[in-house]
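Visitor: Okay, so here is model.csv, and as you'll see once you scroll down, it has CSV, C-alpha atoms.
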```csv
chain,number,residue,atom,x,y,z
A,1,LEU,CA,-5.6,38.1,2.6
A,2,ASP,CA,-1.8,38.7,2.7
A,3,PHE,CA,0.2,36.2,0.7
A,4,THR,CA,3.2,35.7,-1.5
A,5,ASP,CA,2.5,35.0,-5.1
A,6,ALA,CA,4.3,32.5,-7.5
A,7,ASN,CA,6.9,35.2,-8.3
A,8,GLY,CA,7.7,35.8,-4.6
A,9,THR,CA,5.9,39.1,-4.5
A,10,ARG,CA,4.0,40.1,-1.4
A,11,GLN,CA,0.3,40.5,-2.3
A,12,ARG,CA,-2.8,41.8,-0.4
A,13,ARG,CA,-6.3,40.9,-1.8
A,14,SER,CA,-9.8,41.3,-0.7
A,15,LEU,CA,-11.8,38.2,-0.3
A,16,GLU,CA,-14.9,40.1,-1.5
A,17,THR,CA,-17.3,38.6,1.0
A,18,ASP,CA,-18.4,38.9,4.6
A,19,VAL,CA,-19.6,35.3,4.9
A,20,LEU,CA,-17.0,33.3,6.9
A,21,LYS,CA,-17.4,30.0,4.9
A,22,ASP,CA,-17.2,31.8,1.6
A,23,ALA,CA,-14.1,33.8,2.8
A,24,LYS,CA,-12.3,30.5,3.7
A,25,GLN,CA,-13.2,29.0,0.4
A,26,ARG,CA,-12.0,32.1,-1.5
A,27,ARG,CA,-8.8,32.1,0.6
A,28,ASP,CA,-8.2,28.4,-0.2
A,29,ASP,CA,-8.8,29.0,-3.9
A,30,ILE,CA,-6.3,31.9,-4.0
A,31,LEU,CA,-3.6,30.0,-2.1
A,32,ALA,CA,-4.2,26.8,-4.1
A,33,GLY,CA,-3.9,28.8,-7.4
A,34,THR,CA,-0.6,30.3,-6.2
A,35,VAL,CA,0.8,26.9,-5.5
A,36,ARG,CA,-0.3,25.5,-8.8
A,37,LEU,CA,1.3,28.5,-10.7
A,38,LYS,CA,4.5,28.2,-8.7
A,39,TRP,CA,5.0,24.5,-9.1
A,40,GLY,CA,3.3,24.0,-12.4
A,41,ARG,CA,0.8,21.5,-11.1
A,42,ARG,CA,-2.6,22.9,-12.1
A,43,GLY,CA,-4.6,19.7,-11.6
A,44,GLN,CA,-6.9,18.3,-14.2
A,45,ASP,CA,-9.6,20.6,-15.5
A,46,CYS,CA,-12.6,19.8,-17.6
A,47,ALA,CA,-14.1,21.9,-20.4
A,48,VAL,CA,-17.7,22.8,-19.9
A,49,ASP,CA,-18.7,21.4,-23.4
A,50,ASP,CA,-16.8,18.2,-22.6
A,51,PHE,CA,-18.8,17.9,-19.4
A,52,TRP,CA,-22.3,18.6,-20.8
A,53,LYS,CA,-22.9,20.4,-24.1
A,54,LEU,CA,-26.5,21.5,-24.6
A,55,HIS,CA,-28.1,21.1,-28.0
A,56,ASP,CA,-31.4,22.3,-29.4
A,57,PRO,CA,-33.9,19.5,-29.8
A,58,PRO,CA,-34.2,17.1,-31.4
A,59,GLU,CA,-30.4,16.8,-31.4
A,60,PRO,CA,-29.5,15.1,-28.1
A,61,ASP,CA,-27.1,16.7,-25.6
A,62,THR,CA,-23.5,15.4,-25.5
A,63,GLY,CA,-20.8,15.2,-22.9
A,64,ARG,CA,-19.3,12.9,-20.2
A,65,TYR,CA,-21.9,13.7,-17.6
A,66,ILE,CA,-25.0,13.3,-19.8
A,67,ALA,CA,-23.6,9.9,-21.0
A,68,TRP,CA,-23.1,8.8,-17.4
A,69,ALA,CA,-26.5,10.2,-16.3
A,70,ARG,CA,-28.6,8.4,-18.9
A,71,ASP,CA,-27.7,5.2,-17.2
A,72,HIS,CA,-28.1,6.5,-13.6
A,73,LYS,CA,-30.8,9.1,-13.5
A,74,THR,CA,-34.5,9.1,-14.3
A,75,ARG,CA,-35.8,11.2,-17.2
A,76,ALA,CA,-37.6,13.6,-14.8
A,77,THR,CA,-34.4,14.2,-12.8
A,78,LEU,CA,-32.4,14.8,-16.0
A,79,GLU,CA,-34.9,17.3,-17.2
A,80,ARG,CA,-34.6,19.2,-13.9
A,81,GLU,CA,-30.8,19.0,-14.0
A,82,ARG,CA,-30.7,20.3,-17.6
A,83,VAL,CA,-32.6,23.4,-16.5
A,84,VAL,CA,-30.1,24.1,-13.7
A,85,TRP,CA,-27.1,23.4,-15.9
A,86,ALA,CA,-28.5,25.9,-18.5
A,87,GLN,CA,-29.0,28.5,-15.7
A,88,PHE,CA,-25.4,27.9,-14.5
A,89,LEU,CA,-24.0,28.5,-18.0
A,90,GLU,CA,-26.1,31.6,-18.6
A,91,ALA,CA,-25.2,33.1,-15.3
A,92,LEU,CA,-21.4,32.5,-15.2
A,93,HIS,CA,-20.4,31.7,-18.9
A,94,PRO,CA,-17.6,29.4,-17.7
A,95,LYS,CA,-15.2,27.9,-20.2
A,96,THR,CA,-14.1,25.1,-17.8
A,97,LEU,CA,-15.2,23.8,-14.5
A,98,GLY,CA,-12.0,25.1,-13.0
A,99,SER,CA,-12.7,28.7,-14.1
A,100,VAL,CA,-15.5,29.0,-11.4
A,101,GLY,CA,-14.4,30.2,-8.0
A,102,ALA,CA,-16.1,30.8,-4.6
A,103,GLY,CA,-17.1,34.4,-5.7
A,104,ASP,CA,-19.0,32.9,-8.6
A,105,VAL,CA,-21.1,30.8,-6.3
A,106,GLU,CA,-22.6,34.1,-4.9
A,107,ARG,CA,-23.0,35.4,-8.4
A,108,PHE,CA,-25.0,32.3,-9.4
A,109,LYS,CA,-27.1,32.6,-6.2
A,110,GLN,CA,-27.9,36.2,-7.0
A,111,TYR,CA,-28.8,35.2,-10.6
A,112,LEU,CA,-31.3,32.7,-9.2
A,113,ARG,CA,-32.8,35.2,-6.9
A,114,THR,CA,-33.4,37.8,-9.6
A,115,PRO,CA,-36.6,37.5,-11.7
A,116,ARG,CA,-36.0,37.1,-15.5
A,117,ARG,CA,-37.9,38.1,-18.5
A,118,THR,CA,-39.7,35.2,-20.2
A,119,ALA,CA,-39.9,34.7,-24.0
A,120,LYS,CA,-43.2,36.6,-23.8
A,121,GLY,CA,-41.6,39.5,-22.1
A,122,GLU,CA,-43.2,38.8,-18.7
A,123,LEU,CA,-41.2,38.7,-15.4
A,124,SER,CA,-40.8,35.2,-14.0
A,125,ALA,CA,-42.0,34.4,-10.5
A,126,VAL,CA,-39.5,34.9,-7.7
A,127,ARG,CA,-37.9,31.5,-6.9
A,128,ALA,CA,-38.4,30.1,-3.4
A,129,ASN,CA,-35.3,29.7,-1.2
A,130,LYS,CA,-35.8,26.0,-1.3
A,131,THR,CA,-35.7,26.0,-5.1
A,132,ILE,CA,-32.5,28.0,-5.1
A,133,ASN,CA,-30.8,25.8,-2.5
A,134,ASP,CA,-31.8,22.8,-4.6
A,135,SER,CA,-30.2,24.3,-7.7
A,136,LEU,CA,-27.0,25.1,-5.8
A,137,GLY,CA,-27.0,21.6,-4.5
A,138,ARG,CA,-27.4,20.1,-8.0
A,139,VAL,CA,-24.4,22.1,-9.3
A,140,ARG,CA,-22.4,20.9,-6.3
A,141,GLY,CA,-23.4,17.4,-7.4
A,142,PHE,CA,-22.1,18.1,-11.0
A,143,TYR,CA,-18.7,18.9,-9.6
A,144,SER,CA,-18.7,16.0,-7.2
A,145,ARG,CA,-19.5,13.6,-10.0
A,146,ALA,CA,-16.7,15.1,-12.2
A,147,ILE,CA,-14.3,14.6,-9.3
A,148,LYS,CA,-15.5,11.0,-8.6
A,149,GLU,CA,-15.3,10.0,-12.2
A,150,GLY,CA,-11.8,11.5,-12.6
A,151,TRP,CA,-12.8,14.1,-15.2
A,152,TYR,CA,-11.8,17.0,-12.9
A,153,SER,CA,-9.3,17.1,-9.9
A,154,ARG,CA,-9.6,20.6,-8.6
A,155,ALA,CA,-11.6,22.1,-5.8
A,156,ASN,CA,-15.4,22.0,-5.7
A,157,PRO,CA,-16.4,25.7,-5.3
A,158,PHE,CA,-20.0,24.7,-4.4
A,159,LYS,CA,-18.9,22.2,-1.7
A,160,GLU,CA,-19.9,24.3,1.3
A,161,PHE,CA,-22.2,27.0,-0.2
A,162,SER,CA,-24.2,29.0,2.3
A,163,ARG,CA,-27.9,27.9,2.2
A,164,LEU,CA,-30.7,30.4,2.1
A,165,PRO,CA,-33.2,30.0,5.0
A,166,GLU,CA,-36.1,27.8,4.2
A,167,GLN,CA,-39.6,27.9,5.7
A,168,GLU,CA,-40.5,24.5,6.8
A,169,ALA,CA,-43.7,23.4,5.1
A,170,LEU,CA,-46.1,21.2,7.0
A,171,PRO,CA,-47.0,18.0,5.2
A,172,LYS,CA,-50.4,17.9,3.6
A,173,PHE,CA,-52.8,15.1,4.4
A,174,LEU,CA,-56.3,14.2,3.3
A,175,ASN,CA,-58.8,13.6,6.2
A,176,HIS,CA,-61.2,10.7,6.1
A,177,GLU,CA,-64.0,12.7,4.5
A,178,GLN,CA,-61.7,13.9,1.7
A,179,ARG,CA,-60.3,10.4,1.1
A,180,VAL,CA,-63.8,9.0,0.7
A,181,LYS,CA,-64.8,11.8,-1.7
A,182,LEU,CA,-61.7,11.4,-3.8
A,183,MET,CA,-62.3,7.6,-4.2
A,184,ASP,CA,-66.0,8.2,-5.0
A,185,ILE,CA,-65.1,10.6,-7.8
A,186,ALA,CA,-62.3,8.3,-9.0
A,187,GLN,CA,-64.7,5.3,-9.2
A,188,GLU,CA,-67.1,7.4,-11.3
A,189,GLN,CA,-64.3,7.9,-13.9
A,190,GLY,CA,-63.9,4.2,-14.4
A,191,ARG,CA,-61.9,1.1,-13.4
A,192,ASP,CA,-58.4,2.4,-14.1
A,193,VAL,CA,-58.7,5.8,-12.6
A,194,TYR,CA,-60.2,4.1,-9.5
A,195,LEU,CA,-57.3,1.6,-9.1
A,196,PHE,CA,-54.7,4.3,-9.9
A,197,CYS,CA,-56.0,6.6,-7.1
A,198,ALA,CA,-56.3,3.6,-4.7
A,199,LEU,CA,-52.7,2.5,-5.2
A,200,CYS,CA,-51.4,6.1,-4.8
A,201,LEU,CA,-53.6,6.9,-1.8
A,202,TYR,CA,-53.4,3.7,0.2
A,203,ALA,CA,-50.0,2.3,-0.9
A,204,GLY,CA,-48.1,5.5,-1.4
A,205,LEU,CA,-47.0,4.5,-4.9
A,206,ARG,CA,-45.5,7.2,-7.1
A,207,THR,CA,-47.3,7.9,-10.4
A,208,GLY,CA,-44.9,5.8,-12.5
A,209,GLU,CA,-45.1,2.9,-10.0
A,210,ALA,CA,-48.9,2.9,-10.0
A,211,ILE,CA,-49.1,2.9,-13.8
A,212,ASN,CA,-46.5,0.0,-14.0
A,213,ALA,CA,-47.9,-2.0,-11.0
A,214,ARG,CA,-48.5,-5.6,-11.8
A,215,TRP,CA,-50.8,-8.2,-10.1
A,216,THR,CA,-47.7,-10.2,-9.3
A,217,TRP,CA,-46.6,-7.4,-6.9
A,218,ILE,CA,-49.6,-8.1,-4.7
A,219,ASP,CA,-49.1,-10.7,-2.1
A,220,PHE,CA,-52.6,-11.2,-0.6
A,221,ASP,CA,-51.4,-14.0,1.7
A,222,GLN,CA,-48.6,-12.1,3.3
A,223,GLY,CA,-50.4,-8.7,3.1
A,224,ASN,CA,-47.6,-6.9,1.2
A,225,ILE,CA,-47.0,-5.1,-2.1
A,226,ILE,CA,-43.6,-5.7,-3.6
A,227,VAL,CA,-42.7,-2.6,-5.6
A,228,GLN,CA,-40.1,-3.6,-8.2
A,229,GLY,CA,-38.7,-2.5,-11.6
A,230,SER,CA,-38.7,-4.4,-14.9
A,231,ALA,CA,-37.0,-4.3,-18.2
A,232,THR,CA,-39.1,-1.3,-19.2
A,233,PHE,CA,-39.5,0.5,-15.8
A,234,SER,CA,-37.4,1.3,-12.8
A,235,THR,CA,-38.4,2.7,-9.4
A,236,LYS,CA,-37.0,6.1,-8.4
A,237,SER,CA,-34.4,4.5,-6.0
A,238,LYS,CA,-33.9,1.5,-8.4
A,239,ARG,CA,-34.5,-0.8,-5.5
A,240,VAL,CA,-37.2,-3.3,-4.6
A,241,ARG,CA,-39.3,-2.3,-1.6
A,242,SER,CA,-42.1,-3.8,0.4
A,243,VAL,CA,-45.3,-1.8,1.2
A,244,PRO,CA,-48.0,-3.1,3.6
A,245,LEU,CA,-51.3,-3.9,1.9
A,246,HIS,CA,-53.7,-1.4,3.5
A,247,LYS,CA,-56.9,-2.8,4.9
A,248,THR,CA,-58.9,-0.4,2.7
A,249,LEU,CA,-56.9,-1.2,-0.4
A,250,ARG,CA,-57.3,-5.0,-0.1
A,251,PRO,CA,-61.0,-5.3,-1.0
A,252,ILE,CA,-60.6,-2.8,-3.8
A,253,LEU,CA,-57.9,-4.9,-5.4
A,254,GLU,CA,-59.7,-8.2,-4.7
A,255,LEU,CA,-62.7,-6.9,-6.6
A,256,TYR,CA,-60.6,-6.7,-9.8
A,257,ARG,CA,-58.0,-9.4,-8.9
A,258,GLU,CA,-56.2,-11.2,-11.8
A,259,ALA,CA,-53.4,-13.7,-11.9
A,260,ASP,CA,-51.0,-11.6,-13.9
A,261,GLY,CA,-50.6,-8.5,-16.1
A,262,TYR,CA,-50.8,-4.8,-15.3
A,263,ILE,CA,-53.2,-3.7,-12.7
A,264,ILE,CA,-54.0,-0.6,-14.7
A,265,ASN,CA,-54.8,-1.7,-18.2
A,266,PRO,CA,-56.8,0.7,-20.4
A,267,ALA,CA,-56.9,-1.9,-23.2
A,268,LYS,CA,-59.3,-4.0,-21.1
A,269,THR,CA,-61.7,-1.2,-20.6
A,270,ASP,CA,-61.4,0.6,-23.9
A,271,GLN,CA,-60.8,3.7,-21.9
A,272,GLY,CA,-57.6,4.7,-23.8
A,273,LYS,CA,-55.3,7.4,-22.4
A,274,TRP,CA,-56.4,9.4,-19.4
```
The structure given in the file should be rewritten as structure tokens.
Guide:
Amino acid sequence: LDFTDANGTRQRRSLETDVLKDAKQRRDDILAGTVRLKWGRRGQDCAVDDFWKLHDPPEPDTGRYIAWARDHKTRATLERERVVWAQFLEALHPKTLGSVGAGDVERFKQYLRTPRRTAKGELSAVRANKTINDSLGRVRGFYSRAIKEGWYSRANPFKEFSRLPEQEALPKFLNHEQRVKLMDIAQEQGRDVYLFCALCLYAGLRTGEAINARWTWIDFDQGNIIVQGSATFSTKSKRVRSVPLHKTLRPILELYREADGYIINPAKTDQGKW
């Protein structure tokens, strides 16, 4: 790249990549930095610790993002994002969000592709390309949220990262014989395990949804299941949705049908946790 710096000196700099998208991003970063230095308008940056500061348990993490995320993300999503954020910090050691450029995206990608020593001294498994793409996408999401909330007003270096090729996995389904065998085994384990497997298998409910399902969700007259959150539980999308009451699921639920309360209720069977 040939350009004139903030002092009016002609410069020539390598873009340090042969990937077109990354070269364009690197070019834009250099030119934008030159303009900011020349005119004194650097844009708003955000210190990494102000964005999300990790603490050793039991002390809770702090920062703008984690405060926002606790009201908008599920616990499972936050746990996954925390892992990615820790990897991002370990790989690049940034002081601010603005200190990360296009070249750092490739450095982070290479970090994710390299096996690491575990606490036991063993090499970790090689991450799948899909996992690496997911991690890069989550960091892009961190920057996007910082921009949207007004904590940061510079470029998002992960905006157009080059994705690694992914092998498309075929969906896995149980055939009729496998479904029957699963339900037979579940029924032997007791009422709650039987109902849990039935709700997941024939209504497609997620684990948390099946555990928190209530009899009031089941509309036997209309043939629907209304999946909805409560004061102590929220669905993944935080939206109410309707699921058809499968013909195989209906008689299973009718066998245990009640007017109200949780469908899965270990207190009723003295089964306890399972």
Visitor: Which value, in Å to one decimal, gives the distance between CA of Cys46 (chain A) and CA of Gly98 (chain A)?
Guide: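 Between these atoms lies a distance of 7.0 Å.
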Visitor: Which residues of region 98-133 of chain A sit at most 10 Å from region 167-174 of chain A, using all atoms listed in the file? Give each one's shortest atom pair and distance in Å (one decimal place), in chain and ascending residue order, as a Markdown table.
Guide:
```
| residue | atom | partner | partner_atom | distance |
| --- | --- | --- | --- | --- |
| A:Ala128 | CA | A:Gln167 | CA | 9.4 |
| A:Asn129 | CA | A:Gln167 | CA | 8.3 |
| A:Lys130 | CA | A:Gln167 | CA | 8.2 |
```
Visitor: By how many Å are CA of Ala91 (chain A) and CA of His72 (chain A) apart?
Guide: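 Here the two named atoms are 26.8 Å from each other.
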Visitor: Which residue is closest to Ala210 (chain A)? Choose from A:Gln187, A:Lys238, A:Asn265, A:Arg70 and count all atoms listed in the file.
Guide: A:Asn265
Visitor: Show which residues sit within 7 Å of region 107-124 of chain A, as a list in words. Count only C-alpha atoms, and ignore same-chain residues fewer than 6 positions away.
Guide: Phe88, Ala91, Leu92 and Ile132 of chain A
Visitor: What's the separation between CA of Trp52 (chain A) and CA of Thr131 (chain A), in Å to one decimal place?
Guide: 21.9 Å
Visitor: Nearest to His246 (chain A): which of A:Val19, A:Leu201, A:Gly63, A:Asp2 is it, counting only C-alpha atoms?
Guide: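 When distances to His246 (chain A) are compared using only C-alpha atoms, the smallest one comes from A:Leu201.
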Visitor: Calculated over all atoms listed in the file, which of the candidates A:Thr235, A:Ser99, A:Gln189, A:Gln87 has the smallest distance to Leu54 (chain A)?
Guide: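 Ranked by minimum distance to Leu54 (chain A), first place goes to A:Gln87.
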Visitor: Identify which of the residues A:Val227, A:Ala69, A:Ile211, A:Ile218 lies closest to Glu254 (chain A), counting all atoms listed in the file when measuring atom-to-atom distances.
Guide: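 The closest residue to Glu254 (chain A) is A:Ile218.
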Visitor: I want to know what sits within 8 Å of region 156-159 of chain A, based on all atoms listed in the file, with residues of the same chain fewer than 3 positions away left out; could you give that as an MDAnalysis selection string?
Guide: chainID A and resid 25 100:102 105 136:137 139:140 143:144
Visitor: Counting all atoms listed in the file, which residue out of A:Gly223, A:Asp18, A:Arg241, A:Ser135 sits closest to Val83 (chain A)?
Guide: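 Checking each candidate against Val83 (chain A), we get A:Ser135 as the closest.
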Visitor: Please determine, counting only C-alpha atoms, which residue among A:Arg191, A:Arg82, A:Lys236, A:Arg127 has the shortest atom-to-atom distance to Ile263 (chain A).
Guide: A:Arg191
Visitor: Would you pick out the contacts of Arg154 (chain A) at 8 Å or less, using all atoms listed in the file, so that residues sharing its chain but fewer than 2 positions from it are not included, and give the list as a PDB file with C-alpha atoms, in the coordinates of the input?
Guide:
```
ATOM      1  CA  GLY A  43      -4.600  19.700 -11.600  1.00  0.00           C
ATOM      2  CA  GLN A  44      -6.900  18.300 -14.200  1.00  0.00           C
ATOM      3  CA  ASP A  45      -9.600  20.600 -15.500  1.00  0.00           C
ATOM      4  CA  GLY A  98     -12.000  25.100 -13.000  1.00  0.00           C
ATOM      5  CA  ILE A 147     -14.300  14.600  -9.300  1.00  0.00           C
ATOM      6  CA  TYR A 152     -11.800  17.000 -12.900  1.00  0.00           C
ATOM      7  CA  ASN A 156     -15.400  22.000  -5.700  1.00  0.00           C
TER       8      ASN A 156
END
```
Visitor: What would region 6-29 of chain A look like with N, CA, C and O atoms restored, written as a PDB file, in the coordinates of the input?
Guide:
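Saved file selection.pdb follows:
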```pdb
ATOM      1  N   ALA A   6       3.329  33.483  -6.880  1.00  0.00           N
ATOM      2  CA  ALA A   6       4.300  32.500  -7.500  1.00  0.00           C
ATOM      3  C   ALA A   6       5.614  33.156  -7.810  1.00  0.00           C
ATOM      4  O   ALA A   6       6.628  32.459  -7.903  1.00  0.00           O
ATOM      5  N   ASN A   7       5.645  34.478  -7.979  1.00  0.00           N
ATOM      6  CA  ASN A   7       6.900  35.200  -8.300  1.00  0.00           C
ATOM      7  C   ASN A   7       7.626  35.676  -7.080  1.00  0.00           C
ATOM      8  O   ASN A   7       8.646  36.348  -7.183  1.00  0.00           O
ATOM      9  N   GLY A   8       7.081  35.372  -5.872  1.00  0.00           N
ATOM     10  CA  GLY A   8       7.700  35.800  -4.600  1.00  0.00           C
ATOM     11  C   GLY A   8       7.358  37.197  -4.210  1.00  0.00           C
ATOM     12  O   GLY A   8       7.951  37.737  -3.284  1.00  0.00           O
ATOM     13  N   THR A   9       6.349  37.794  -4.878  1.00  0.00           N
ATOM     14  CA  THR A   9       5.900  39.100  -4.500  1.00  0.00           C
ATOM     15  C   THR A   9       4.829  39.116  -3.484  1.00  0.00           C
ATOM     16  O   THR A   9       3.883  38.329  -3.589  1.00  0.00           O
ATOM     17  N   ARG A  10       4.962  39.992  -2.496  1.00  0.00           N
ATOM     18  CA  ARG A  10       4.000  40.100  -1.400  1.00  0.00           C
ATOM     19  C   ARG A  10       2.684  40.707  -1.996  1.00  0.00           C
ATOM     20  O   ARG A  10       2.737  41.748  -2.650  1.00  0.00           O
ATOM     21  N   GLN A  11       1.529  40.055  -1.742  1.00  0.00           N
ATOM     22  CA  GLN A  11       0.300  40.500  -2.300  1.00  0.00           C
ATOM     23  C   GLN A  11      -0.754  40.713  -1.144  1.00  0.00           C
ATOM     24  O   GLN A  11      -0.705  40.023  -0.124  1.00  0.00           O
ATOM     25  N   ARG A  12      -1.687  41.616  -1.359  1.00  0.00           N
ATOM     26  CA  ARG A  12      -2.800  41.800  -0.400  1.00  0.00           C
ATOM     27  C   ARG A  12      -4.080  41.854  -1.320  1.00  0.00           C
ATOM     28  O   ARG A  12      -4.166  42.655  -2.227  1.00  0.00           O
ATOM     29  N   ARG A  13      -5.054  40.974  -1.008  1.00  0.00           N
ATOM     30  CA  ARG A  13      -6.300  40.900  -1.800  1.00  0.00           C
ATOM     31  C   ARG A  13      -7.496  40.772  -0.974  1.00  0.00           C
ATOM     32  O   ARG A  13      -7.509  40.036   0.011  1.00  0.00           O
ATOM     33  N   SER A  14      -8.551  41.470  -1.388  1.00  0.00           N
ATOM     34  CA  SER A  14      -9.800  41.300  -0.700  1.00  0.00           C
ATOM     35  C   SER A  14     -10.483  40.017  -1.026  1.00  0.00           C
ATOM     36  O   SER A  14     -10.420  39.549  -2.162  1.00  0.00           O
ATOM     37  N   LEU A  15     -11.117  39.412  -0.044  1.00  0.00           N
ATOM     38  CA  LEU A  15     -11.800  38.200  -0.300  1.00  0.00           C
ATOM     39  C   LEU A  15     -13.236  38.404  -0.800  1.00  0.00           C
ATOM     40  O   LEU A  15     -13.952  37.456  -1.128  1.00  0.00           O
ATOM     41  N   GLU A  16     -13.669  39.646  -0.858  1.00  0.00           N
ATOM     42  CA  GLU A  16     -14.900  40.100  -1.500  1.00  0.00           C
ATOM     43  C   GLU A  16     -16.161  39.438  -0.933  1.00  0.00           C
ATOM     44  O   GLU A  16     -17.137  39.187  -1.636  1.00  0.00           O
ATOM     45  N   THR A  17     -16.155  39.123   0.351  1.00  0.00           N
ATOM     46  CA  THR A  17     -17.300  38.600   1.000  1.00  0.00           C
ATOM     47  C   THR A  17     -17.211  38.756   2.510  1.00  0.00           C
ATOM     48  O   THR A  17     -16.096  38.835   3.039  1.00  0.00           O
ATOM     49  N   ASP A  18     -18.358  38.852   3.177  1.00  0.00           N
ATOM     50  CA  ASP A  18     -18.400  38.900   4.600  1.00  0.00           C
ATOM     51  C   ASP A  18     -18.908  37.641   5.270  1.00  0.00           C
ATOM     52  O   ASP A  18     -19.185  37.592   6.453  1.00  0.00           O
ATOM     53  N   VAL A  19     -19.094  36.613   4.428  1.00  0.00           N
ATOM     54  CA  VAL A  19     -19.600  35.300   4.900  1.00  0.00           C
ATOM     55  C   VAL A  19     -18.316  34.450   5.197  1.00  0.00           C
ATOM     56  O   VAL A  19     -17.488  34.234   4.310  1.00  0.00           O
ATOM     57  N   LEU A  20     -18.213  33.958   6.429  1.00  0.00           N
ATOM     58  CA  LEU A  20     -17.000  33.300   6.900  1.00  0.00           C
ATOM     59  C   LEU A  20     -16.680  32.053   5.979  1.00  0.00           C
ATOM     60  O   LEU A  20     -15.533  31.875   5.542  1.00  0.00           O
ATOM     61  N   LYS A  21     -17.668  31.216   5.704  1.00  0.00           N
ATOM     62  CA  LYS A  21     -17.400  30.000   4.900  1.00  0.00           C
ATOM     63  C   LYS A  21     -16.913  30.379   3.507  1.00  0.00           C
ATOM     64  O   LYS A  21     -15.981  29.767   2.983  1.00  0.00           O
ATOM     65  N   ASP A  22     -17.555  31.390   2.914  1.00  0.00           N
ATOM     66  CA  ASP A  22     -17.200  31.800   1.600  1.00  0.00           C
ATOM     67  C   ASP A  22     -15.760  32.434   1.578  1.00  0.00           C
ATOM     68  O   ASP A  22     -14.976  32.260   0.633  1.00  0.00           O
ATOM     69  N   ALA A  23     -15.449  33.159   2.658  1.00  0.00           N
ATOM     70  CA  ALA A  23     -14.100  33.800   2.800  1.00  0.00           C
ATOM     71  C   ALA A  23     -13.038  32.687   2.843  1.00  0.00           C
ATOM     72  O   ALA A  23     -11.981  32.796   2.210  1.00  0.00           O
ATOM     73  N   LYS A  24     -13.317  31.632   3.620  1.00  0.00           N
ATOM     74  CA  LYS A  24     -12.300  30.500   3.700  1.00  0.00           C
ATOM     75  C   LYS A  24     -12.160  29.834   2.397  1.00  0.00           C
ATOM     76  O   LYS A  24     -11.034  29.487   2.019  1.00  0.00           O
ATOM     77  N   GLN A  25     -13.275  29.631   1.673  1.00  0.00           N
ATOM     78  CA  GLN A  25     -13.200  29.000   0.400  1.00  0.00           C
ATOM     79  C   GLN A  25     -12.405  29.847  -0.614  1.00  0.00           C
ATOM     80  O   GLN A  25     -11.564  29.348  -1.370  1.00  0.00           O
ATOM     81  N   ARG A  26     -12.677  31.148  -0.594  1.00  0.00           N
ATOM     82  CA  ARG A  26     -12.000  32.100  -1.500  1.00  0.00           C
ATOM     83  C   ARG A  26     -10.483  32.103  -1.153  1.00  0.00           C
ATOM     84  O   ARG A  26      -9.638  32.114  -2.043  1.00  0.00           O
ATOM     85  N   ARG A  27     -10.180  32.110   0.140  1.00  0.00           N
ATOM     86  CA  ARG A  27      -8.800  32.100   0.600  1.00  0.00           C
ATOM     87  C   ARG A  27      -8.086  30.822   0.055  1.00  0.00           C
ATOM     88  O   ARG A  27      -6.978  30.875  -0.497  1.00  0.00           O
ATOM     89  N   ASP A  28      -8.748  29.684   0.231  1.00  0.00           N
ATOM     90  CA  ASP A  28      -8.200  28.400  -0.200  1.00  0.00           C
ATOM     91  C   ASP A  28      -7.953  28.403  -1.719  1.00  0.00           C
ATOM     92  O   ASP A  28      -6.943  27.881  -2.215  1.00  0.00           O
ATOM     93  N   ASP A  29      -8.922  28.984  -2.471  1.00  0.00           N
ATOM     94  CA  ASP A  29      -8.800  29.000  -3.900  1.00  0.00           C
ATOM     95  C   ASP A  29      -7.586  29.855  -4.348  1.00  0.00           C
ATOM     96  O   ASP A  29      -6.836  29.476  -5.252  1.00  0.00           O
TER      97      ASP A  29
END
```
